[in-house]
>>> print(open('protein_3.cif').read())   # mmCIF, C-alpha atoms
data_entry
#
loop_
_atom_site.label_atom_id
_atom_site.label_comp_id
_atom_site.auth_asym_id
_atom_site.auth_seq_id
_atom_site.Cartn_x
_atom_site.Cartn_y
_atom_site.Cartn_z
CA LEU A 661 0.00 0.00 0.00
CA ALA A 662 2.81 2.41 0.84
CA SER A 663 4.38 1.99 -2.59
CA ALA A 664 0.99 2.48 -4.20
CA TYR A 665 0.57 5.77 -2.35
CA ARG A 666 3.94 7.02 -3.51
CA GLY A 667 2.97 6.49 -7.14
CA ALA A 668 -0.60 7.71 -6.86
CA ASP A 669 0.02 11.36 -7.74
CA ASP A 670 2.65 13.84 -8.85
CA TYR A 671 2.65 15.98 -5.72
CA SER A 672 6.12 16.47 -4.22
CA LEU A 673 6.93 15.85 -0.57
CA THR A 674 8.05 18.85 1.46
CA THR A 675 8.83 17.24 4.81
CA ARG A 676 10.57 14.09 5.93
CA ASN A 677 7.24 12.46 6.87
CA ASP A 678 6.38 10.30 3.88
CA ILE A 679 3.93 7.59 4.89
CA ILE A 680 2.25 7.24 8.29
CA PRO A 681 0.32 3.95 8.32
CA ALA A 682 -2.84 3.79 10.41
CA PRO A 683 -3.81 0.67 12.33
CA LEU A 684 -6.36 -1.68 10.85
CA CYS A 685 -9.75 -0.59 12.13
CA GLN A 686 -13.43 -0.86 11.32
CA ALA A 687 -15.89 2.04 11.56
CA GLY A 688 -19.21 2.89 9.98
CA GLY A 689 -19.44 -0.41 8.12
CA ALA A 690 -16.17 0.23 6.25
CA ILE A 691 -12.85 -1.44 6.99
CA HIS A 692 -9.98 1.07 6.76
CA PHE A 693 -6.81 -0.82 5.80
CA ALA A 694 -4.36 2.06 5.86
CA SER A 695 -4.02 5.77 5.56
CA ALA A 696 -1.25 8.19 4.77
CA VAL A 697 -0.55 11.77 5.76
CA ARG A 698 1.67 13.92 3.55
CA ARG A 699 2.87 17.50 3.57
CA LEU A 700 2.77 18.53 -0.06
CA THR A 701 3.51 21.13 -2.66
CA PRO A 702 0.79 20.99 -5.35
CA ARG A 703 1.17 21.08 -9.12
CA ARG A 704 -0.15 24.66 -9.22
CA ARG A 705 2.13 26.99 -7.31
CA ASP A 706 -0.72 29.41 -6.50
CA ILE A 707 -2.44 26.75 -4.35
CA ILE A 708 -0.88 25.92 -0.99
CA ILE A 709 -1.92 22.64 0.58
CA ILE A 710 -1.29 22.08 4.28
CA GLU A 711 -2.07 18.38 4.38
CA ARG A 712 -3.12 15.54 2.15
CA ILE A 713 -4.51 12.26 3.40
CA ASN A 714 -4.88 9.12 1.29
CA ALA A 715 -7.01 6.30 2.64
CA VAL A 716 -7.98 2.88 1.39
CA TYR A 717 -11.22 1.40 2.64
CA ALA A 718 -13.55 -1.46 1.84
CA VAL A 719 -17.32 -1.64 1.86
CA GLY A 720 -18.45 -5.19 1.27
CA LEU A 721 -16.22 -6.59 -1.49
CA GLU A 722 -15.38 -3.22 -3.04
CA VAL A 723 -12.06 -1.60 -2.20
CA CYS A 724 -11.86 2.17 -2.73
CA MET A 725 -9.39 5.00 -2.26
CA TYR A 726 -10.18 8.59 -1.43
CA ASP A 727 -8.00 11.64 -0.95
CA ARG A 728 -8.40 14.65 1.33
CA ILE A 729 -6.46 17.86 1.09
CA THR A 730 -6.58 20.62 3.71
CA LEU A 731 -5.98 24.22 2.65
CA PRO A 732 -4.28 26.87 4.82
CA ASN A 733 -7.63 28.47 5.73
CA GLY A 734 -8.93 25.10 7.02
CA ALA A 735 -11.23 24.27 4.10
CA ARG A 736 -11.01 20.69 2.85
CA VAL A 737 -11.38 19.06 -0.56
CA VAL A 738 -12.24 15.35 -0.48
CA PHE A 739 -12.25 13.38 -3.71
CA GLU A 740 -12.63 9.83 -4.95
CA ARG A 741 -12.18 8.65 -8.51
CA MET A 742 -14.63 6.00 -9.69
CA ASP A 743 -13.48 3.96 -12.69
CA GLY A 744 -16.07 3.10 -15.29
CA VAL A 745 -18.30 6.16 -14.92
CA ARG A 746 -18.59 9.31 -17.03
CA SER A 747 -20.50 11.39 -14.49
CA VAL A 748 -19.32 13.36 -11.48
CA SER A 749 -20.89 14.75 -8.32
CA LEU A 750 -19.66 17.85 -6.55
CA GLY A 751 -21.01 18.81 -3.14
CA ILE A 752 -20.25 21.72 -0.84
CA TRP A 753 -20.81 20.63 2.75
CA ILE A 754 -21.01 23.12 5.62
CA GLY A 755 -20.66 21.70 9.12
CA ALA A 756 -23.42 23.92 10.44
CA GLY A 757 -27.20 23.70 10.40
CA SER A 758 -30.14 24.93 12.41
CA ARG A 759 -28.60 24.00 15.77
CA PHE A 760 -26.14 26.90 15.25
CA GLU A 761 -28.96 29.47 15.18
CA ARG A 762 -29.77 31.87 17.96
CA ALA A 763 -33.42 31.91 19.06
CA GLU A 764 -34.21 35.00 16.97
CA GLU A 765 -32.49 33.45 13.92
CA GLY A 766 -34.75 30.39 13.75
CA GLY A 767 -34.94 29.09 10.17
CA SER A 768 -31.90 31.06 8.93
CA ALA A 769 -29.82 28.06 7.82
CA HIS A 770 -32.71 26.67 5.78
CA PHE A 771 -33.62 30.13 4.44
CA ILE A 772 -30.06 30.58 3.14
CA GLU A 773 -30.43 27.29 1.27
CA HIS A 774 -33.38 28.83 -0.58
CA MET A 775 -31.69 32.19 -1.19
CA LEU A 776 -28.64 30.72 -2.91
CA PHE A 777 -30.93 29.72 -5.79
CA LYS A 778 -32.43 33.23 -6.11
CA GLY A 779 -29.61 34.81 -8.08
CA THR A 780 -26.05 36.13 -7.82
CA GLU A 781 -24.19 39.25 -8.91
CA LYS A 782 -23.63 37.59 -12.33
CA ARG A 783 -26.67 35.35 -12.79
CA SER A 784 -30.41 35.68 -12.18
CA ALA A 785 -32.40 32.81 -10.67
CA ALA A 786 -33.62 31.91 -14.18
CA GLN A 787 -30.06 31.86 -15.53
CA LEU A 788 -28.90 29.57 -12.73
CA ALA A 789 -31.65 27.10 -13.59
CA GLU A 790 -31.15 27.44 -17.36
CA GLU A 791 -27.38 26.87 -17.19
CA THR A 792 -27.82 23.73 -15.09
CA ASP A 793 -30.56 22.41 -17.40
CA ALA A 794 -28.41 23.16 -20.46
CA LEU A 795 -25.71 20.88 -19.03
CA GLY A 796 -28.24 18.09 -18.53
CA GLY A 797 -27.34 18.14 -14.87
CA GLN A 798 -28.97 18.38 -11.48
CA MET A 799 -28.42 20.96 -8.74
CA ASN A 800 -30.05 20.84 -5.33
CA ALA A 801 -29.52 21.44 -1.61
CA TYR A 802 -30.75 20.42 1.81
CA THR A 803 -30.46 21.58 5.42
CA THR A 804 -30.41 19.54 8.62
CA ARG A 805 -29.78 20.42 12.24
CA ASP A 806 -26.10 19.58 11.89
CA ASN A 807 -25.10 20.51 8.35
CA THR A 808 -26.07 22.09 5.04
CA CYS A 809 -25.22 20.74 1.59
CA PHE A 810 -25.31 22.21 -1.92
CA TYR A 811 -24.55 19.77 -4.73
CA THR A 812 -24.54 19.22 -8.47
CA ARG A 813 -24.34 16.14 -10.72
CA VAL A 814 -23.22 16.34 -14.37
CA LEU A 815 -21.24 14.51 -17.04
CA ASP A 816 -17.49 14.84 -16.48
CA THR A 817 -17.08 17.08 -19.54
CA HIS A 818 -19.36 19.68 -17.90
CA LEU A 819 -17.78 19.72 -14.44
CA GLY A 820 -15.95 23.03 -14.97
CA ARG A 821 -19.11 24.93 -15.88
CA ALA A 822 -21.19 23.25 -13.18
CA ALA A 823 -18.56 24.02 -10.53
CA ASP A 824 -18.50 27.66 -11.66
CA VAL A 825 -22.29 27.94 -11.26
CA LEU A 826 -22.27 26.23 -7.86
CA ALA A 827 -19.38 28.35 -6.59
CA ASP A 828 -21.04 31.53 -7.86
CA MET A 829 -24.19 30.63 -5.91
CA PHE A 830 -22.23 29.78 -2.80
CA VAL A 831 -20.01 32.88 -2.75
CA ASN A 832 -21.91 35.63 -4.57
CA SER A 833 -25.61 35.25 -3.75
CA ARG A 834 -27.41 38.61 -3.56
CA PHE A 835 -29.85 38.13 -0.64
CA ASP A 836 -32.09 40.74 -2.24
CA GLU A 837 -34.75 41.99 0.19
CA ALA A 838 -37.54 41.54 -2.38
CA ASP A 839 -36.49 37.90 -2.88
CA VAL A 840 -36.39 37.38 0.89
CA ALA A 841 -39.94 38.71 1.22
CA SER A 842 -41.30 36.48 -1.55
CA GLU A 843 -39.43 33.40 -0.31
CA LYS A 844 -40.94 33.73 3.16
CA GLY A 845 -44.28 32.76 1.62
CA VAL A 846 -42.71 29.67 0.04
CA ILE A 847 -41.21 28.55 3.35
CA LEU A 848 -44.46 29.22 5.24
CA GLU A 849 -46.21 26.89 2.77
CA GLU A 850 -43.47 24.31 3.43
CA ILE A 851 -44.09 24.63 7.18
CA ASP A 852 -47.85 24.14 6.61
CA MET A 853 -47.13 21.03 4.56
CA TYR A 854 -45.05 19.49 7.36
CA GLU A 855 -47.70 20.38 9.94
CA ASP A 856 -50.22 18.44 7.85
CA THR A 857 -48.05 15.30 8.11
CA PRO A 858 -48.61 13.53 11.47
CA GLU A 859 -45.30 11.65 11.52
CA ASP A 860 -43.37 14.90 10.94
CA VAL A 861 -45.28 16.65 13.74
CA ALA A 862 -44.58 13.71 16.08
CA ALA A 863 -40.86 13.77 15.24
CA GLU A 864 -40.64 17.52 15.88
CA MET A 865 -42.46 17.18 19.22
CA LEU A 866 -40.09 14.40 20.27
CA LEU A 867 -36.99 16.44 19.42
CA HIS A 868 -38.41 19.54 21.08
CA ASN A 869 -38.99 17.68 24.35
CA CYS A 870 -35.73 15.70 24.28
CA PHE A 871 -33.42 18.56 23.30
CA PRO A 872 -34.33 21.97 24.74
CA GLY A 873 -32.68 24.85 22.90
CA ALA A 874 -31.49 25.15 19.31
CA LEU A 875 -31.29 21.41 18.65
CA GLY A 876 -34.96 21.00 19.54
CA ARG A 877 -36.20 23.85 17.35
CA PRO A 878 -37.55 23.10 13.84
CA VAL A 879 -35.11 23.37 10.94
CA LEU A 880 -37.65 25.40 8.94
CA GLY A 881 -38.15 27.92 11.73
CA THR A 882 -41.57 29.25 12.69
CA ALA A 883 -43.84 31.95 11.30
CA GLU A 884 -42.71 34.19 14.16
CA SER A 885 -38.97 33.67 13.65
CA LEU A 886 -39.24 34.01 9.85
CA SER A 887 -40.98 37.37 10.20
CA GLY A 888 -37.82 38.89 11.67
CA LEU A 889 -35.39 37.64 9.01
CA THR A 890 -34.01 40.03 6.40
CA GLY A 891 -31.41 39.87 3.65
CA ALA A 892 -28.95 41.63 5.96
CA SER A 893 -29.55 39.20 8.85
CA LEU A 894 -29.16 36.20 6.55
CA ARG A 895 -25.87 37.56 5.19
CA GLU A 896 -24.65 38.11 8.75
CA PHE A 897 -25.55 34.53 9.69
CA ARG A 898 -23.83 33.17 6.57
CA ASP A 899 -20.65 35.21 7.14
CA ARG A 900 -20.51 34.12 10.79
CA ILE A 901 -21.22 30.43 10.23
CA TYR A 902 -19.97 29.61 6.72
CA THR A 903 -16.28 29.84 7.62
CA ALA A 904 -13.59 27.91 5.77
CA PRO A 905 -12.79 25.40 8.57
CA ARG A 906 -16.44 24.29 8.50
CA ILE A 907 -16.46 23.74 4.72
CA ALA A 908 -15.63 20.60 2.76
CA ALA A 909 -15.97 20.21 -0.99
CA ALA A 910 -16.60 16.58 -1.96
CA LEU A 911 -15.93 15.32 -5.48
CA ALA A 912 -16.71 11.79 -6.67
CA GLY A 913 -16.81 10.16 -10.09
CA SER A 914 -14.82 10.98 -13.23
CA PHE A 915 -12.59 14.06 -13.03
CA THR A 916 -9.04 15.24 -13.69
CA ASP A 917 -6.26 16.59 -11.49
CA ALA A 918 -6.91 20.01 -13.03
CA ASP A 919 -10.51 19.82 -11.80
CA VAL A 920 -9.28 19.21 -8.24
CA ASP A 921 -6.86 22.13 -8.48
CA SER A 922 -9.59 24.44 -9.82
CA ILE A 923 -12.00 23.54 -7.00
CA ALA A 924 -9.24 23.89 -4.39
CA SER A 925 -8.43 27.39 -5.69
CA ILE A 926 -12.06 28.47 -5.18
CA PHE A 927 -12.06 27.56 -1.50
CA ALA A 928 -8.47 28.62 -0.86
CA ALA A 929 -9.61 32.21 -1.43
CA MET A 930 -12.17 32.09 1.39
CA PRO A 931 -11.33 33.77 4.72
CA ALA A 932 -10.49 31.44 7.59
CA ALA A 933 -12.99 33.12 9.91
#
>>> encode(input="protein_3.cif", output="structure tokens")
Amino acid sequence: LASAYRGADDYSLTTRNDIIPAPLCQAGGAIHFASAVRRLTPRRRDIIIIERINAVYAVGLEVCMYDRITLPNGARVVFERMDGVRSVSLGIWIGAGSRFERAEEGGSAHFIEHMLFKGTEKRSAAQLAEETDALGGQMNAYTTRDNTCFYTRVLDTHLGRAADVLADMFVNSRFDEADVASEKGVILEEIDMYEDTPEDVAAEMLLHNCFPGALGRPVLGTAESLSGLTGASLREFRDRIYTAPRIAAALAGSFTDADVDSIASIFAAMPAA
């Protein structure tokens, strides 16, 4: 395995620590045979990588390898090549969801998920949808109590354009006050829909009684908490919570080394806090 790691890429070592094997262990249904930590200088000199980790794991009879690089600001890029496919998935994961909200911010994490599809400085909401459809791809998002995810799936030949659209949404969304006002109605309808579903109401009541505080509050917020949200307050929440150390970009499928470098450069430019 160690020799395989050494030949797996054309990054150059910058410290005397070459391979650090990890003990055989089993976690989450996957058996991790070995891992390696390297200090590296990347192919592109304008991207500085603090750490790269290679790991081999097995799920059932399938043995896979994934890589993780950590940038100086703490953001991570995790990627796994999958032989035999022509598609690729790119996800931006934020290690923060509704449990990070203050009481008066209830529903902010989920509201931001909606607002990122409402337009950027370069693209309107219609253009975002049209560009994704033109690629024959899919773009979506979801919010939980613990994390938020924005992702896209396309053919490998369209990854560059899809990544540009996703990054534009993630970094340059407008949070226009008119869009915030109209989207409140959409989310209130979503709340009504959940309140018409008995199993969802039961789950919310259980969480509310088991976990007092932010963890027990609904991800969607309430009519009262939504009424106080504005474009400015949502931007403040995003800037406070969406910091580089909480962000991981995950890439899986068919892609090139240049694709990894391009995605790493996007997140390397983000502030650390």
>>> atom_distance(input="protein_3.cif", atom1="CA of Ile901 (chain A)", atom2="CA of Gln787 (chain A)")
27.3 Å
>>> residues_around(input="protein_3.cif", residues="Phe915 (chain A)", least_positions_apart="2", cutoff="8 Å", atoms="only C-alpha atoms", output="list of chain:residue names")
A:Arg741, A:Val748, A:Asp816, A:Leu819, A:Ala912, A:Gly913, A:Asp917, A:Asp919, A:Val920
>>> atom_distance(input="protein_3.cif", atom1="CA of Asp743 (chain A)", atom2="CA of Leu911 (chain A)")
13.7 Å
>>> closest_residue(input="protein_3.cif", among="A:Ala756, A:Ala735, A:Val831, A:Leu815", to="Arg895 (chain A)", atoms="all atoms listed in the file")
A:Val831
>>> atom_distance(input="protein_3.cif", atom1="CA of Tyr902 (chain A)", atom2="CA of Gly796 (chain A)")
29.0 Å
>>> closest_residue(input="protein_3.cif", among="A:Ala763, A:Ile752, A:Ala933, A:Leu731", to="Glu884 (chain A)", atoms="only C-alpha atoms")
A:Ala763
>>> closest_residue(input="protein_3.cif", among="A:Asp921, A:Asp828, A:Asp806, A:Glu896", to="Arg783 (chain A)", atoms="only C-alpha atoms")
A:Asp828
>>> closest_residue(input="protein_3.cif", among="A:Glu791, A:Glu761, A:Asp839, A:Glu773", to="Pro878 (chain A)", atoms="all atoms listed in the file")
A:Glu761
>>> residues_near_point(input="protein_3.cif", point="(-27.8, 37.0, 12.1)", cutoff="10 Å", atoms="only C-alpha atoms", output="list in words")
Glu761, Arg762, Glu764, Glu765, Gly766, Ser768, Leu889, Thr890, Gly891, Ala892, Ser893, Leu894, Arg895, Glu896, Phe897, Arg898, Asp899, Arg900 and Ile901 of chain A
>>> write_last_selection(input="protein_3.cif", atoms="C-alpha atoms", output="tab-separated table (two decimals), in the frame of the given file")
chain	number	residue	atom	x	y	z
A	761	GLU	CA	-28.96	29.47	15.18
A	762	ARG	CA	-29.77	31.87	17.96
A	764	GLU	CA	-34.21	35.00	16.97
A	765	GLU	CA	-32.49	33.45	13.92
A	766	GLY	CA	-34.75	30.39	13.75
A	768	SER	CA	-31.90	31.06	8.93
A	889	LEU	CA	-35.39	37.64	9.01
A	890	THR	CA	-34.01	40.03	6.40
A	891	GLY	CA	-31.41	39.87	3.65
A	892	ALA	CA	-28.95	41.63	5.96
A	893	SER	CA	-29.55	39.20	8.85
A	894	LEU	CA	-29.16	36.20	6.55
A	895	ARG	CA	-25.87	37.56	5.19
A	896	GLU	CA	-24.65	38.11	8.75
A	897	PHE	CA	-25.55	34.53	9.69
A	898	ARG	CA	-23.83	33.17	6.57
A	899	ASP	CA	-20.65	35.21	7.14
A	900	ARG	CA	-20.51	34.12	10.79
A	901	ILE	CA	-21.22	30.43	10.23
>>> closest_residue(input="protein_3.cif", among="A:Arg834, A:Arg877, A:Arg805, A:Arg813", to="Ser749 (chain A)", atoms="all atoms listed in the file")
A:Arg813
>>> resolve_selection(input="protein_3.cif", expression="the PyMOL selection byres ((chain A and resi 924-927) around 12)", output="number ranges by chain")
A: 702-710, 728-739, 752-753, 820, 823-828, 830-831, 902-911, 917-923, 928-932
>>> residues_around(input="protein_3.cif", residues="Leu867 (chain A)", least_positions_apart="3", cutoff="12 Å", atoms="all atoms listed in the file", output="list in words")
Arg759, Arg805, Asp860, Val861, Ala862, Ala863, Glu864, Cys870, Phe871, Pro872, Gly873, Ala874, Leu875, Gly876, Arg877, Pro878 and Val879 of chain A
>>> closest_residue(input="protein_3.cif", among="A:Asn800, A:Ser887, A:Thr812, A:Ser914", to="Gly751 (chain A)", atoms="all atoms listed in the file")
A:Thr812
>>> resolve_selection(input="protein_3.cif", expression="the PyMOL selection byres ((chain A and resi 846) around 12)", output="JSON, numbers by chain")
{"A": [770, 771, 774, 775, 839, 840, 841, 842, 843, 844, 845, 847, 848, 849, 850, 851, 852, 853, 880, 883, 886]}
>>> resolve_selection(input="protein_3.cif", expression="the PyMOL selection byres ((chain A and resi 795) around 9)", output="compact mmCIF listing (two decimals) with C-alpha atoms, in the coordinates of the input")
# COMPACT_ATOMS: atom_id res chain seq x y z
CA GLU A 790 -31.15 27.44 -17.36
CA GLU A 791 -27.38 26.87 -17.19
CA THR A 792 -27.82 23.73 -15.09
CA ASP A 793 -30.56 22.41 -17.40
CA ALA A 794 -28.41 23.16 -20.46
CA GLY A 796 -28.24 18.09 -18.53
CA GLY A 797 -27.34 18.14 -14.87
CA GLN A 798 -28.97 18.38 -11.48
CA VAL A 814 -23.22 16.34 -14.37
CA LEU A 815 -21.24 14.51 -17.04
CA HIS A 818 -19.36 19.68 -17.90
CA ARG A 821 -19.11 24.93 -15.88
CA ALA A 822 -21.19 23.25 -13.18
>>> build_atoms(input="protein_3.cif", residues="region 834-847 of chain A", atoms="N, CA, C and O atoms", output="tab-separated table (two decimals), keeping the file's coordinate frame")
chain	number	residue	atom	x	y	z
A	834	ARG	N	-27.07	37.20	-3.80
A	834	ARG	CA	-27.41	38.61	-3.56
A	834	ARG	C	-28.13	38.85	-2.24
A	834	ARG	O	-28.00	39.90	-1.63
A	835	PHE	N	-29.00	37.94	-1.83
A	835	PHE	CA	-29.85	38.13	-0.64
A	835	PHE	C	-30.67	39.41	-0.78
A	835	PHE	O	-30.74	40.24	0.13
A	836	ASP	N	-31.26	39.57	-1.96
A	836	ASP	CA	-32.09	40.74	-2.24
A	836	ASP	C	-33.32	40.74	-1.33
A	836	ASP	O	-33.96	39.71	-1.12
A	837	GLU	N	-33.65	41.90	-0.77
A	837	GLU	CA	-34.75	41.99	0.19
A	837	GLU	C	-36.09	41.60	-0.44
A	837	GLU	O	-36.94	40.98	0.22
A	838	ALA	N	-36.29	41.93	-1.71
A	838	ALA	CA	-37.54	41.54	-2.38
A	838	ALA	C	-37.63	40.02	-2.50
A	838	ALA	O	-38.71	39.43	-2.33
A	839	ASP	N	-36.50	39.37	-2.80
A	839	ASP	CA	-36.49	37.90	-2.88
A	839	ASP	C	-36.74	37.28	-1.51
A	839	ASP	O	-37.42	36.25	-1.40
A	840	VAL	N	-36.17	37.89	-0.46
A	840	VAL	CA	-36.39	37.38	0.89
A	840	VAL	C	-37.87	37.45	1.24
A	840	VAL	O	-38.45	36.48	1.77
A	841	ALA	N	-38.52	38.56	0.91
A	841	ALA	CA	-39.94	38.71	1.22
A	841	ALA	C	-40.79	37.68	0.49
A	841	ALA	O	-41.70	37.08	1.09
A	842	SER	N	-40.51	37.45	-0.79
A	842	SER	CA	-41.30	36.48	-1.55
A	842	SER	C	-41.03	35.05	-1.10
A	842	SER	O	-41.94	34.21	-1.07
A	843	GLU	N	-39.78	34.77	-0.70
A	843	GLU	CA	-39.43	33.40	-0.31
A	843	GLU	C	-40.01	33.03	1.04
A	843	GLU	O	-40.20	31.84	1.34
A	844	LYS	N	-40.30	34.03	1.88
A	844	LYS	CA	-40.94	33.73	3.16
A	844	LYS	C	-42.26	33.01	2.94
A	844	LYS	O	-42.61	32.08	3.67
A	845	GLY	N	-43.01	33.43	1.92
A	845	GLY	CA	-44.28	32.76	1.62
A	845	GLY	C	-44.07	31.32	1.22
A	845	GLY	O	-44.86	30.44	1.61
A	846	VAL	N	-43.01	31.05	0.46
A	846	VAL	CA	-42.71	29.67	0.04
A	846	VAL	C	-42.40	28.80	1.25
A	846	VAL	O	-42.88	27.66	1.37
A	847	ILE	N	-41.60	29.34	2.18
A	847	ILE	CA	-41.21	28.55	3.35
A	847	ILE	C	-42.39	28.37	4.30
A	847	ILE	O	-42.55	27.31	4.92
